[in-house]
file work.txt (compact mmCIF, C-alpha atoms and all ligand atoms)
# COMPACT_ATOMS: atom_id res chain seq x y z
CA MET A 221 16.76 12.05 23.51
CA THR A 222 15.99 8.66 21.94
CA ALA A 223 12.88 8.61 19.85
CA SER A 224 10.59 5.57 19.83
CA LEU A 225 9.92 4.35 16.32
CA ALA A 226 7.43 1.66 17.44
CA THR A 227 4.55 1.36 15.01
CA LYS A 228 1.43 -0.69 14.38
CA TYR A 229 0.69 -2.01 10.90
CA LEU A 230 -2.21 -4.36 10.07
CA GLY A 231 -2.54 -4.86 13.83
CA LEU A 232 1.07 -6.09 14.03
CA ASP A 233 3.55 -4.49 16.42
CA LEU A 234 6.58 -3.27 14.49
CA LYS A 235 9.81 -1.89 15.93
CA ASN A 236 9.81 0.93 13.36
CA PRO A 237 7.82 1.99 10.27
CA LEU A 238 10.25 0.63 7.63
CA VAL A 239 9.12 -2.40 5.63
CA ALA A 240 11.02 -4.11 2.82
CA SER A 241 8.39 -4.42 0.07
CA ALA A 242 8.11 -7.33 -2.34
CA SER A 243 11.14 -7.91 -4.52
CA PRO A 244 12.89 -10.91 -6.06
CA LEU A 245 15.66 -10.67 -3.48
CA ASN A 246 13.11 -11.24 -0.72
CA ALA A 247 12.93 -14.87 -1.79
CA ASN A 248 16.47 -15.32 -0.49
CA LEU A 249 16.75 -16.21 3.19
CA ASP A 250 20.21 -14.76 3.57
CA HIS A 251 19.04 -11.46 2.08
CA LEU A 252 16.02 -11.42 4.40
CA ARG A 253 18.25 -12.01 7.44
CA ARG A 254 20.46 -9.13 6.37
CA LEU A 255 17.38 -6.92 5.91
CA GLU A 256 16.30 -7.74 9.46
CA ASP A 257 19.80 -6.99 10.79
CA ALA A 258 19.80 -3.73 8.83
CA GLY A 259 16.66 -2.62 10.66
CA ALA A 260 13.67 -3.68 8.52
CA ALA A 261 10.64 -3.99 10.78
CA ALA A 262 8.82 -6.42 8.45
CA VAL A 263 9.36 -7.99 5.05
CA VAL A 264 7.00 -8.74 2.18
CA LEU A 265 7.84 -11.84 0.17
CA PRO A 266 7.73 -11.68 -3.64
CA SER A 267 4.31 -12.42 -5.06
CA LEU A 268 3.03 -15.82 -5.89
CA PHE A 269 0.91 -15.47 -8.99
CA GLN A 270 -2.57 -16.84 -9.61
CA GLU A 271 -1.26 -18.32 -12.87
CA GLN A 272 1.43 -20.27 -10.99
CA ILE A 273 -1.07 -21.81 -8.60
CA GLU A 274 -3.47 -22.66 -11.42
CA ALA A 275 -0.68 -24.01 -13.61
CA GLU A 276 0.52 -26.31 -10.86
CA ALA A 277 -2.99 -27.50 -10.10
CA ASP A 278 -3.52 -28.25 -13.81
CA HIS A 279 -0.14 -29.93 -14.00
CA HIS A 280 -1.08 -32.22 -11.11
CA GLN A 281 -4.28 -33.15 -12.86
CA GLY A 282 -2.56 -33.70 -16.20
CA LEU A 283 -4.97 -31.25 -17.75
CA MET A 284 -2.54 -28.69 -18.98
CA ALA A 285 -3.48 -28.92 -22.65
CA ALA A 286 -7.19 -28.73 -22.03
CA SER A 287 -6.96 -26.18 -19.27
CA CYS A 288 -9.68 -23.57 -19.26
CA ASN A 289 -8.46 -21.82 -16.11
CA ILE A 290 -5.29 -20.59 -17.65
CA SER A 291 -4.89 -18.33 -20.64
CA ALA A 292 -3.19 -19.57 -23.80
CA GLU A 293 -0.49 -16.99 -23.24
CA ALA A 294 0.11 -18.18 -19.68
CA ALA A 295 0.14 -21.78 -20.88
CA ASP A 296 3.03 -20.89 -23.20
CA TYR A 297 4.97 -19.88 -20.13
CA PHE A 298 3.95 -22.97 -18.20
CA PRO A 299 7.41 -24.25 -17.23
CA ALA A 300 8.38 -20.77 -16.07
CA LEU A 301 5.12 -20.41 -14.15
CA VAL A 302 5.40 -23.61 -12.18
CA SER A 303 8.95 -22.87 -11.19
CA GLY A 304 7.90 -19.23 -10.83
CA PRO A 305 9.53 -15.99 -11.87
CA TYR A 306 11.66 -16.14 -8.75
CA GLY A 307 12.27 -19.88 -8.95
CA LEU A 308 9.43 -20.58 -6.57
CA GLY A 309 6.46 -22.82 -7.26
CA PRO A 310 3.49 -22.84 -4.88
CA ASP A 311 4.97 -25.61 -2.68
CA HIS A 312 8.31 -23.86 -2.53
CA TYR A 313 6.55 -20.64 -1.64
CA LEU A 314 4.98 -22.27 1.42
CA ASP A 315 8.38 -23.68 2.28
CA LEU A 316 9.89 -20.19 1.97
CA ILE A 317 7.26 -18.83 4.38
CA ARG A 318 8.06 -21.59 6.90
CA ARG A 319 11.82 -21.10 6.65
CA THR A 320 11.53 -17.31 6.80
CA THR A 321 9.22 -17.22 9.79
CA ASP A 322 11.54 -19.68 11.58
CA ALA A 323 14.63 -17.64 10.79
CA LEU A 324 13.37 -14.09 11.39
CA THR A 325 11.90 -12.41 14.45
CA ILE A 326 10.13 -9.70 12.40
CA PRO A 327 6.74 -10.28 10.74
CA VAL A 328 6.75 -11.93 7.32
CA ILE A 329 4.01 -10.82 4.94
CA ALA A 330 3.15 -13.14 2.05
CA SER A 331 2.00 -11.71 -1.27
CA LEU A 332 -0.62 -13.12 -3.61
CA ASN A 333 -1.09 -11.68 -7.05
CA GLY A 334 -4.26 -12.42 -8.97
CA ALA A 335 -6.83 -10.80 -11.21
CA SER A 336 -9.94 -12.93 -10.92
CA ARG A 337 -11.54 -15.15 -8.36
CA ALA A 338 -11.05 -18.91 -8.69
CA ASP A 339 -9.83 -21.92 -6.74
CA TRP A 340 -6.38 -20.39 -6.32
CA ILE A 341 -7.76 -18.35 -3.44
CA ASP A 342 -7.83 -21.47 -1.26
CA TYR A 343 -4.09 -21.12 -1.28
CA ALA A 344 -4.46 -18.26 1.24
CA LYS A 345 -5.32 -20.87 3.88
CA LEU A 346 -2.06 -22.70 3.22
CA ILE A 347 -0.17 -19.42 3.56
CA GLU A 348 -1.80 -18.89 6.94
CA THR A 349 -0.91 -22.39 8.08
CA ALA A 350 2.68 -21.91 6.90
CA GLY A 351 3.01 -19.08 9.43
CA ALA A 352 2.83 -15.76 7.54
CA SER A 353 1.77 -12.78 9.68
CA ALA A 354 -0.39 -11.23 6.96
CA ILE A 355 -1.24 -11.46 3.27
CA GLU A 356 -0.73 -8.62 0.81
CA LEU A 357 -3.03 -8.91 -2.19
CA ASN A 358 -1.73 -7.44 -5.40
CA MET A 359 -4.49 -7.39 -8.00
CA TYR A 360 -2.72 -6.56 -11.21
CA HIS A 361 -5.32 -6.15 -13.88
CA ILE A 362 -5.32 -3.99 -16.97
CA PRO A 363 -8.91 -3.66 -18.20
CA THR A 364 -8.35 -3.87 -21.96
CA ASP A 365 -12.00 -4.82 -22.55
CA LEU A 366 -13.58 -1.49 -23.48
CA SER A 367 -17.02 -2.66 -22.40
CA VAL A 368 -15.95 -3.19 -18.78
CA SER A 369 -16.79 -0.26 -16.50
CA GLY A 370 -14.80 1.03 -13.56
CA SER A 371 -17.41 -0.26 -11.15
CA ALA A 372 -17.18 -3.73 -12.71
CA VAL A 373 -13.40 -3.70 -12.19
CA GLU A 374 -13.86 -2.64 -8.56
CA ALA A 375 -16.48 -5.37 -8.07
CA GLN A 376 -13.95 -7.93 -9.36
CA TYR A 377 -11.35 -6.68 -6.88
CA LEU A 378 -13.87 -6.81 -4.04
CA ASP A 379 -14.83 -10.33 -5.02
CA ILE A 380 -11.22 -11.51 -4.62
CA VAL A 381 -10.70 -9.59 -1.39
CA GLY A 382 -13.93 -10.92 0.11
CA ALA A 383 -13.05 -14.50 -0.83
CA VAL A 384 -9.58 -14.26 0.74
CA ALA A 385 -10.85 -12.40 3.81
CA ASN A 386 -13.47 -15.11 4.35
CA SER A 387 -10.97 -17.93 4.05
CA VAL A 388 -8.30 -16.77 6.53
CA GLY A 389 -8.02 -15.12 9.91
CA LEU A 390 -4.86 -13.24 8.92
CA PRO A 391 -4.86 -9.49 8.34
CA ILE A 392 -5.11 -8.66 4.64
CA SER A 393 -3.71 -5.65 2.89
CA VAL A 394 -4.43 -4.62 -0.68
CA LYS A 395 -1.75 -3.16 -2.90
CA LEU A 396 -3.85 -0.74 -4.88
CA THR A 397 -3.49 0.57 -8.39
CA PRO A 398 -3.59 4.37 -8.51
CA TYR A 399 -5.69 4.18 -11.69
CA LEU A 400 -9.13 4.27 -10.10
CA SER A 401 -11.52 7.15 -10.56
CA ALA A 402 -12.44 7.38 -6.86
CA ILE A 403 -9.59 5.98 -4.77
CA GLY A 404 -11.04 7.26 -1.49
CA HIS A 405 -14.42 5.64 -1.99
CA PHE A 406 -12.85 2.36 -3.03
CA ALA A 407 -10.50 2.49 -0.03
CA THR A 408 -13.44 2.77 2.37
CA THR A 409 -15.29 0.01 0.49
CA LEU A 410 -12.28 -2.28 0.79
CA GLU A 411 -12.06 -1.51 4.48
CA ALA A 412 -15.74 -2.34 4.93
CA SER A 413 -15.12 -5.69 3.21
CA GLY A 414 -12.55 -6.69 5.84
CA VAL A 415 -9.26 -5.27 4.59
CA SER A 416 -6.81 -4.26 7.34
CA GLY A 417 -4.50 -2.12 5.26
CA LEU A 418 -3.86 -0.42 1.94
CA VAL A 419 -0.55 -0.21 0.14
CA LEU A 420 -0.36 2.93 -1.99
CA PHE A 421 0.52 2.06 -4.74
CA ASN A 422 1.34 -0.84 -7.00
CA ARG A 423 3.53 -0.06 -10.02
CA LEU A 424 2.24 -1.24 -13.37
CA MET A 425 5.62 -1.84 -15.04
CA GLU A 426 4.22 -0.82 -18.40
CA PRO A 427 6.05 -2.25 -21.40
CA ASP A 428 8.09 0.01 -23.64
CA ILE A 429 8.66 -0.52 -27.38
CA ASP A 430 12.02 -1.72 -28.60
CA LEU A 431 12.29 0.01 -31.99
CA ARG A 432 15.21 -2.08 -33.17
CA ARG A 433 13.54 -5.42 -32.57
CA MET A 434 9.99 -4.04 -33.10
CA LYS A 435 8.90 -5.78 -29.92
CA LEU A 436 7.51 -4.83 -26.54
CA THR A 437 10.14 -4.75 -23.86
CA ASP A 438 9.83 -6.52 -20.54
CA THR A 439 12.79 -5.11 -18.67
CA PRO A 440 11.91 -4.11 -15.10
CA GLU A 441 12.72 -0.51 -14.26
CA LEU A 442 13.48 0.63 -10.74
CA SER A 443 11.35 3.52 -9.53
CA THR A 444 12.44 7.14 -9.40
CA GLN A 445 12.00 9.50 -6.46
CA ALA A 446 9.46 11.57 -8.45
CA GLU A 447 7.04 8.63 -8.18
CA LEU A 448 6.60 9.36 -4.47
CA ARG A 449 4.31 12.35 -5.14
CA LEU A 450 1.25 10.27 -6.05
CA PRO A 451 1.28 7.93 -3.01
CA LEU A 452 2.14 10.92 -0.82
CA LEU A 453 -0.92 12.79 -2.07
CA TRP A 454 -3.30 9.88 -1.51
CA THR A 455 -1.82 8.98 1.85
CA ALA A 456 -2.38 12.57 2.94
CA ILE A 457 -5.97 12.49 1.64
CA LEU A 458 -6.84 9.18 3.35
CA ALA A 459 -4.91 9.63 6.62
CA GLY A 460 -7.10 9.87 9.70
CA ARG A 461 -10.21 9.07 7.64
CA MET A 462 -10.04 5.27 7.59
CA ARG A 463 -11.81 3.57 10.48
CA ARG A 464 -8.99 1.16 11.24
CA ALA A 465 -7.15 0.26 8.03
CA SER A 466 -3.42 0.98 8.05
CA LEU A 467 -1.78 2.94 5.25
CA ALA A 468 1.53 1.95 3.67
CA VAL A 469 3.40 4.00 1.09
CA SER A 470 5.12 2.15 -1.74
CA SER A 471 6.79 3.81 -4.77
CA GLY A 472 9.61 6.28 -4.93
CA VAL A 473 10.95 6.13 -1.35
CA ALA A 474 14.64 6.77 -1.96
CA ASN A 475 16.00 8.31 1.26
CA SER A 476 15.13 9.06 4.87
CA ASP A 477 13.64 12.47 4.00
CA ASP A 478 11.11 10.56 1.89
CA VAL A 479 10.33 8.36 4.90
CA VAL A 480 9.71 11.47 7.02
CA LYS A 481 7.41 12.93 4.33
CA CYS A 482 5.34 9.73 4.19
CA LEU A 483 4.88 9.73 7.96
CA LEU A 484 3.98 13.43 8.03
CA ALA A 485 1.40 12.72 5.32
CA GLY A 486 -0.05 10.00 7.56
CA ALA A 487 1.48 6.67 6.55
CA ASP A 488 1.63 3.93 9.16
CA VAL A 489 4.55 2.29 7.39
CA VAL A 490 6.87 3.17 4.55
CA MET A 491 7.97 0.50 2.09
CA THR A 492 10.98 0.34 -0.15
CA THR A 493 12.22 -1.96 -2.90
CA SER A 494 14.11 0.01 -5.56
CA ALA A 495 16.41 1.74 -3.05
CA ILE A 496 17.48 -1.67 -1.72
CA LEU A 497 17.84 -3.21 -5.19
CA HIS A 498 19.85 -0.20 -6.33
CA SER A 499 22.09 0.44 -3.32
CA GLY A 500 21.94 -2.69 -1.19
CA VAL A 501 20.61 -3.73 2.20
CA GLY A 502 22.62 -0.99 3.95
CA GLU A 503 20.02 1.50 2.63
CA MET A 504 17.58 0.14 5.20
CA THR A 505 19.92 1.15 8.04
CA LYS A 506 20.24 4.62 6.51
CA LEU A 507 16.45 5.01 6.28
CA VAL A 508 15.89 4.00 9.90
CA GLY A 509 18.85 6.05 11.16
CA GLY A 510 17.85 9.11 9.12
CA LEU A 511 14.31 8.98 10.48
CA MET A 512 15.62 8.71 14.04
CA SER A 513 17.97 11.69 13.52
CA TRP A 514 15.19 13.82 12.03
CA MET A 515 12.87 13.06 14.93
CA ARG A 516 15.56 13.87 17.49
CA ALA A 517 16.38 17.16 15.77
CA ARG A 518 12.67 18.12 15.87
CA ASP A 519 12.05 16.81 19.39
CA PHE A 520 9.56 14.14 18.35
CA ALA A 521 9.68 11.41 20.99
CA GLU A 522 7.34 9.02 19.12
CA VAL A 523 6.40 8.41 15.52
CA SER A 524 2.75 8.85 16.45
CA GLN A 525 3.42 12.52 17.29
CA MET A 526 4.52 13.30 13.75
CA ARG A 527 2.22 10.93 11.86
CA GLY A 528 -0.37 12.73 9.78
CA ILE A 529 0.41 16.28 10.87
CA MET A 530 0.65 17.25 7.19
CA SER A 531 -2.43 15.26 6.16
CA TRP A 532 -5.40 16.67 4.26
CA GLU A 533 -7.61 16.30 7.31
CA ARG A 534 -5.31 18.39 9.48
CA ALA A 535 -4.46 21.00 6.85
CA SER A 536 -5.92 24.43 7.61
CA ASP A 537 -5.95 25.18 3.87
CA LYS A 538 -7.20 22.00 2.19
CA SER A 539 -6.82 23.55 -1.26
CA VAL A 540 -3.09 22.78 -1.06
CA TYR A 541 -4.02 19.22 -1.92
CA THR A 542 -6.39 19.97 -4.78
CA ARG A 543 -7.07 22.23 -7.77
CA ALA A 544 -5.79 25.44 -6.22
CA ASN A 545 -2.34 23.94 -5.75
CA TYR A 546 -2.38 22.55 -9.28
CA ILE A 547 -3.13 25.98 -10.69
CA ARG A 548 -0.45 27.59 -8.46
CA ILE A 549 2.13 25.05 -9.66
CA LEU A 550 1.37 25.83 -13.30
CA TYR A 551 1.48 29.58 -12.70
CA ASN A 552 4.75 29.29 -10.78
CA TYR A 553 6.30 27.40 -13.67
CA ALA A 554 5.24 30.10 -16.09
CA ASP A 555 6.68 32.79 -13.75
CA VAL A 556 10.02 31.06 -13.38
CA HIS A 557 10.55 30.17 -17.08
C1 LIG B 1 12.28 -6.16 -9.77
C2 LIG B 1 11.01 -5.92 -9.00
C3 LIG B 1 10.22 -7.00 -8.61
C4 LIG B 1 9.02 -6.78 -7.92
N1 LIG B 1 8.25 -7.84 -7.54
C5 LIG B 1 7.08 -7.60 -6.91
C6 LIG B 1 6.25 -8.66 -6.52
O1 LIG B 1 6.56 -9.84 -6.69
N2 LIG B 1 5.07 -8.37 -5.92
C7 LIG B 1 4.67 -7.09 -5.68
O2 LIG B 1 3.59 -6.88 -5.13
N3 LIG B 1 5.45 -6.05 -6.02
C8 LIG B 1 6.63 -6.29 -6.62
N4 LIG B 1 7.42 -5.23 -6.96
C9 LIG B 1 6.98 -3.86 -6.64
C10 LIG B 1 7.64 -3.39 -5.36
O3 LIG B 1 7.26 -4.18 -4.26
C11 LIG B 1 7.26 -1.93 -5.07
O4 LIG B 1 5.89 -1.83 -4.78
C12 LIG B 1 7.57 -1.01 -6.23
O5 LIG B 1 8.85 -1.28 -6.78
C13 LIG B 1 7.53 0.45 -5.78
O6 LIG B 1 8.36 0.65 -4.67
P1 LIG B 1 9.86 1.24 -4.80
O7 LIG B 1 9.74 2.58 -5.43
O8 LIG B 1 10.37 1.29 -3.40
O9 LIG B 1 10.61 0.31 -5.67
C14 LIG B 1 8.63 -5.44 -7.62
C15 LIG B 1 9.45 -4.37 -8.00
C16 LIG B 1 10.63 -4.60 -8.67
C17 LIG B 1 11.48 -3.40 -9.05

call {"tool": "encode", "arguments": {"input": "work.txt", "output": "structure tokens"}}
result
Amino acid sequence: MTASLATKYLGLDLKNPLVASASPLNANLDHLRRLEDAGAAAVVLPSLFQEQIEAEADHHQGLMAASCNISAEAADYFPALVSGPYGLGPDHYLDLIRRTTDALTIPVIASLNGASRADWIDYAKLIETAGASAIELNMYHIPTDLSVSGSAVEAQYLDIVGAVANSVGLPISVKLTPYLSAIGHFATTLEASGVSGLVLFNRLMEPDIDLRRMKLTDTPELSTQAELRLPLLWTAILAGRMRRASLAVSSGVANSDDVVKCLLAGADVVMTTSAILHSGVGEMTKLVGGLMSWMRARDFAEVSQMRGIMSWERASDKSVYTRANYIRILYNYADVH
């Protein structure tokens, strides 16, 4: 029996639920082609950062020194920002979208990364014109100001989302931080403000401390498989309870069993970056093939038949997702050790 892996994500028709999430390699056309050939159903381009767009705008106006849009720290990095961490300035980013959408048959999702609302949001329109199928918004913000409340942080996120949603007709997804006190409530609020999908979750890439140099480190770490538990939990809790927003898992997807778990929890799509960076594009083929084999072995003809069957909503004992399970886990550890 051949199983159909066809999936919808953000209203887009995908051939399967595997998406290559944002990574530096996704700025390379040859890599993207190989991802498509390996079975990726969609790709997310690396993020373009608010600071890059603002830095370039300031550069054009010759106002760099007097800039009030850009932090002093960001200004120090100005040359790097205009060329971008992946060698892409805003104009090159649009060019990448055009070249990628021309070269690939699968949907190309652009990624914007910002923390506050400003003129940079107009850039979303240019992304739409360049031909992206959707925009993923990554709002990386660490609220170091102790006087700022959780609701103020959420309001700031909503402000950005609303501004982008109002400026384009493209579907918008939000790559959420897991560090919110009420993820479910915020998810429904985002959906009400026009968001078509949620990516669970963004990784913070916290700095470590280099004791020899007495400096903070900025070396990117690939994820570990243990990181899947948190997005799996929240996918299971949200699945079947959003009105129309799609759910994507991102973080810790290392093999095809992980893909199966995400779908059983209720994900519409499953994203991966670290597995590809670590083991190469061939991992994508293994993820798709492994999912297909698992479905065949269990007689699932379509992904929709398995999606969400292990979700919170469909669990007969909902306590497995909450405190009771937590207490059981702690007791089991004490029993075993
Ligand atoms: C080196 C590296 C670069 C990344 N760049 C971006 C980025 O530009 N934008 C973004 O939203 N996420 C970025 N991510 C996060 C990934 O898209 C992904 O969400 C995260 O790594 C968790 O998924 P994984 O466990 O499959 O790696 C990056 C991750 C890594 C490791």

call {"tool": "residues_near_ligand", "arguments": {"input": "work.txt", "ligand": "ligand LIG 1 (chain B)", "cutoff": "6 Å", "atoms": "all atoms listed in the file", "output": "MDAnalysis selection string"}}
result
chainID A and resid 241:244 266:267 358 422:423 440 442:443 470:473 492:494

call {"tool": "residues_around", "arguments": {"input": "work.txt", "residues": "Ser524 of chain A", "least_positions_apart": "3", "cutoff": "9 Å", "atoms": "all atoms listed in the file", "output": "list in words"}}
result
Leu225, Ala226, Thr227, Leu483, Asp488, Phe520, Ala521, Arg527 and Gly528 of chain A

call {"tool": "residues_near_point", "arguments": {"input": "work.txt", "point": "(-3.8, 6.9, 3.1)", "cutoff": "10 Å", "atoms": "all atoms listed in the file", "output": "ChimeraX atom specification"}}
result
/A:403-404,407,417-420,451-462,465-469,482,485-488,528,531-532

call {"tool": "residues_around", "arguments": {"input": "work.txt", "residues": "Glu274 of chain A", "least_positions_apart": "2", "cutoff": "8 Å", "atoms": "only C-alpha atoms", "output": "PyMOL selection string"}}
result
chain A and resi 270-272+276-278+289-290+339-340

call {"tool": "atom_distance", "arguments": {"input": "work.txt", "atom1": "atom CA of Ser539 of chain A", "atom2": "atom CA of Leu448 of chain A"}}
result
19.8 Å

call {"tool": "residues_around", "arguments": {"input": "work.txt", "residues": "Val239 of chain A", "least_positions_apart": "3", "cutoff": "8 Å", "atoms": "only C-alpha atoms", "output": "list in words"}}
result
Ala260, Ala261, Ala262, Val263, Val264, Val489, Val490, Met491 and Thr492 of chain A

call {"tool": "closest_residue", "arguments": {"input": "work.txt", "among": "A:Tyr541, A:Phe406, A:Tyr313, A:Tyr553", "to": "Tyr377 of chain A", "atoms": "all atoms listed in the file"}}
result
A:Phe406

call {"tool": "atom_distance", "arguments": {"input": "work.txt", "atom1": "atom CA of Leu507 of chain A", "atom2": "atom CA of Lys235 of chain A"}}
result
13.6 Å

call {"tool": "closest_residue", "arguments": {"input": "work.txt", "among": "A:Ala223, A:Leu450, A:Leu245, A:Ile392", "to": "Glu411 of chain A", "atoms": "all atoms listed in the file"}}
result
A:Ile392

call {"tool": "closest_residue", "arguments": {"input": "work.txt", "among": "A:Ala323, A:Met434, A:Met515, A:Val501", "to": "Val480 of chain A", "atoms": "only C-alpha atoms"}}
result
A:Met515

call {"tool": "atom_distance", "arguments": {"input": "work.txt", "atom1": "atom CA of Gly259 of chain A", "atom2": "atom CA of His498 of chain A"}}
result
17.5 Å

call {"tool": "closest_residue", "arguments": {"input": "work.txt", "among": "A:Ile273, A:Lys228, A:Ala338, A:Leu238", "to": "Thr505 of chain A", "atoms": "only C-alpha atoms"}}
result
A:Leu238
